[in-house]
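One structure below.
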Amino acid sequence: MSGTKKVLVTGASGGIGQAVARACAAQGYYVIVHYNRGKDKAASVMDAITAAGGEGELVQFDISDREGSRRVLDALTEKHGALWGIVSNAGVNRDNTFVGLSGDDWDNVVHTNLDSFFNVLQPLVMPMCRKRQGRIVTISSVSGIAGNRGQTNYSASKAGIIGASKALAVELASRGITVNAVAPGIIDTDMTKDFDAELIKQIVPMRRSGTPEEVAAAVTFLLSEQAGYITRQVISINGGMI
């Protein structure tokens, strides 16, 4: 394990996070499978990884809790040293029209999704800088690029992630660390299970939703050695929506 590259995947109990964690393990990474409340789902992902011959561990913390996140992440660094990769995937949504949003709807989504960029990455970046290598992939959304009706709060948070990722990429480029954002469109997960199939055909040129595995394929490429000259980019996996 000591020579195996370690990758943290936050929100690995969710649909995209599960696929990313499994794909990372299939590429030979030691996967740190993060969850907050979805312990059973995360444990199932870990079981699948080990059953396939992969390695990893579970880790639990609330990405919106700055001090709690730091304690756990500092302990991870002490245990493993600088990580090779971080996939900042965890997030929440509370969709409603702008006039229907409560203050709590706004605060919960914006603070959780955007503050987690700082809460997760800030404790882990300096060890990567000292080693002068690494990959950071943030998960934004097509909503953060183009906006979407009923998602003003979510779009704001995901657009913020793009801006933060681009700025961090500039800061870390000279240290051999890449930072890129992946912006999924309509992906077949619990978040989109109530979407109307006919509507998807109308708004997605490929006339279908994407799969978590298709998102995971892009993420694992960006984590790879071969992606060492790709940074400050937003790769949107959306079937031609934009």
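Here, A, B, ... name the chains of the structure tokens in the order displayed, residue numbers run from 1 inside each chain, and ligands are numbered from 1 in the same displayed order.
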When you look at Arg135 (chain A) with a cut-off of 6 Å (counting only C-alpha atoms), what residues show up, excluding the ones that are within fewer than 4 positions of it in the same chain? I need them as a list of chain:residue names. A:Gly85, A:Ile177, A:Thr178, A:Leu223
Export of the given selection (all heavy atoms) as an mmCIF file, in the first residue's frame:
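Below is the file out-v1.cif, written as the result:
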```
data_model
loop_
_atom_site.group_PDB
_atom_site.id
_atom_site.type_symbol
_atom_site.label_atom_id
_atom_site.label_comp_id
_atom_site.auth_asym_id
_atom_site.auth_seq_id
_atom_site.Cartn_x
_atom_site.Cartn_y
_atom_site.Cartn_z
ATOM 1 N N GLY A 85 -4.496 12.329 -5.284
ATOM 2 C CA GLY A 85 -5.670 12.925 -5.894
ATOM 3 C C GLY A 85 -6.780 13.235 -4.919
ATOM 4 O O GLY A 85 -6.939 12.546 -3.904
ATOM 5 N N ILE A 177 0.748 20.503 -9.806
ATOM 6 C CA ILE A 177 -0.573 20.034 -9.381
ATOM 7 C C ILE A 177 -1.618 20.589 -10.335
ATOM 8 O O ILE A 177 -1.663 21.805 -10.581
ATOM 9 C CB ILE A 177 -0.883 20.494 -7.942
ATOM 10 C CG1 ILE A 177 0.178 19.955 -6.970
ATOM 11 C CG2 ILE A 177 -2.284 20.041 -7.509
ATOM 12 C CD1 ILE A 177 0.148 20.624 -5.608
ATOM 13 N N THR A 178 -2.439 19.721 -10.883
ATOM 14 C CA THR A 178 -3.500 20.166 -11.785
ATOM 15 C C THR A 178 -4.816 20.297 -11.030
ATOM 16 O O THR A 178 -5.084 19.553 -10.084
ATOM 17 C CB THR A 178 -3.688 19.199 -12.955
ATOM 18 O OG1 THR A 178 -4.174 17.938 -12.469
ATOM 19 C CG2 THR A 178 -2.382 18.977 -13.703
ATOM 20 N N LEU A 223 -7.284 12.382 -13.319
ATOM 21 C CA LEU A 223 -6.422 11.970 -12.208
ATOM 22 C C LEU A 223 -5.133 11.307 -12.684
ATOM 23 O O LEU A 223 -4.192 11.134 -11.905
ATOM 24 C CB LEU A 223 -7.161 10.991 -11.294
ATOM 25 C CG LEU A 223 -8.300 11.540 -10.434
ATOM 26 C CD1 LEU A 223 -9.061 10.388 -9.787
ATOM 27 C CD2 LEU A 223 -7.779 12.499 -9.368
#
```
Which residues come within 6 Å of region 48-62 of chain A, counting only C-alpha atoms, excluding same-chain residues fewer than 4 positions away, as a PyMOL selection string? chain A and resi 25+30-36+69
Check region 29-205 of chain A with DSSP on the backbone and list each residue it calls helix (DSSP H, G or I), as a PyMOL selection string. chain A and resi 39-51+66-80+98-100+103-131+142-146+152-175+190-192+197-203
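One finds CA of Ser209 (chain A) at 26.2 Å from CA of Val179 (chain A).
Put simply, CA of Pro123 (chain A) is 8.8 Å away from CA of Thr77 (chain A).
Closest to Ala216 (chain A) among A:His80, A:Lys39, A:Lys201, A:Arg22 is A:Arg22, based on only C-alpha atoms.
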Please identify all polymer residues within 7 Å of Val234 (chain A), counting only C-alpha atoms, omitting same-chain residues fewer than 3 positions from it, and present them as a PyMOL selection string. chain A and resi 180-183
Could you tell me, as an mmCIF file with N, CA and C atoms, in the first residue's frame, which residues of region 56-117 of chain A DSSP assigns to strand (DSSP E or B) when given the backbone?
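And here's result_26.cif as it stands now:
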```
data_model
loop_
_atom_site.group_PDB
_atom_site.id
_atom_site.type_symbol
_atom_site.label_atom_id
_atom_site.label_comp_id
_atom_site.auth_asym_id
_atom_site.auth_seq_id
_atom_site.Cartn_x
_atom_site.Cartn_y
_atom_site.Cartn_z
ATOM 1 N N GLY A 56 -8.600 0.292 -0.039
ATOM 2 C CA GLY A 56 -9.107 1.590 0.374
ATOM 3 C C GLY A 56 -9.586 1.563 1.799
ATOM 4 N N GLU A 57 -10.261 2.629 2.188
ATOM 5 C CA GLU A 57 -10.810 2.732 3.533
ATOM 6 C C GLU A 57 -11.960 3.714 3.535
ATOM 7 N N LEU A 58 -12.792 3.609 4.545
ATOM 8 C CA LEU A 58 -13.901 4.533 4.731
ATOM 9 C C LEU A 58 -13.471 5.682 5.626
ATOM 10 N N VAL A 59 -14.022 6.865 5.354
ATOM 11 C CA VAL A 59 -13.789 8.001 6.226
ATOM 12 C C VAL A 59 -15.078 8.808 6.295
ATOM 13 N N GLN A 60 -15.403 9.296 7.493
ATOM 14 C CA GLN A 60 -16.649 10.023 7.695
ATOM 15 C C GLN A 60 -16.365 11.414 8.228
ATOM 16 N N GLY A 85 -4.496 12.329 -5.284
ATOM 17 C CA GLY A 85 -5.670 12.925 -5.894
ATOM 18 C C GLY A 85 -6.780 13.235 -4.919
ATOM 19 N N ILE A 86 -7.537 14.274 -5.230
ATOM 20 C CA ILE A 86 -8.721 14.635 -4.464
ATOM 21 C C ILE A 86 -9.853 14.855 -5.456
ATOM 22 N N VAL A 87 -10.957 14.161 -5.248
ATOM 23 C CA VAL A 87 -12.156 14.384 -6.051
ATOM 24 C C VAL A 87 -13.195 14.994 -5.126
ATOM 25 N N SER A 88 -13.402 16.300 -5.277
ATOM 26 C CA SER A 88 -14.334 17.029 -4.414
ATOM 27 C C SER A 88 -15.718 16.947 -5.054
ATOM 28 N N ASN A 96 -35.937 25.035 -6.132
ATOM 29 C CA ASN A 96 -37.199 25.776 -6.094
ATOM 30 C C ASN A 96 -37.011 27.033 -6.934
#
```
With only C-alpha atoms as the atoms that count, which of A:Lys41, A:Lys5, A:Arg175, A:His111 lies nearest to Gln133 (chain A)? A:Arg175
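Interatomic distance, CA of Leu114 (chain A) against CA of Gly239 (chain A): 25.4 Å.
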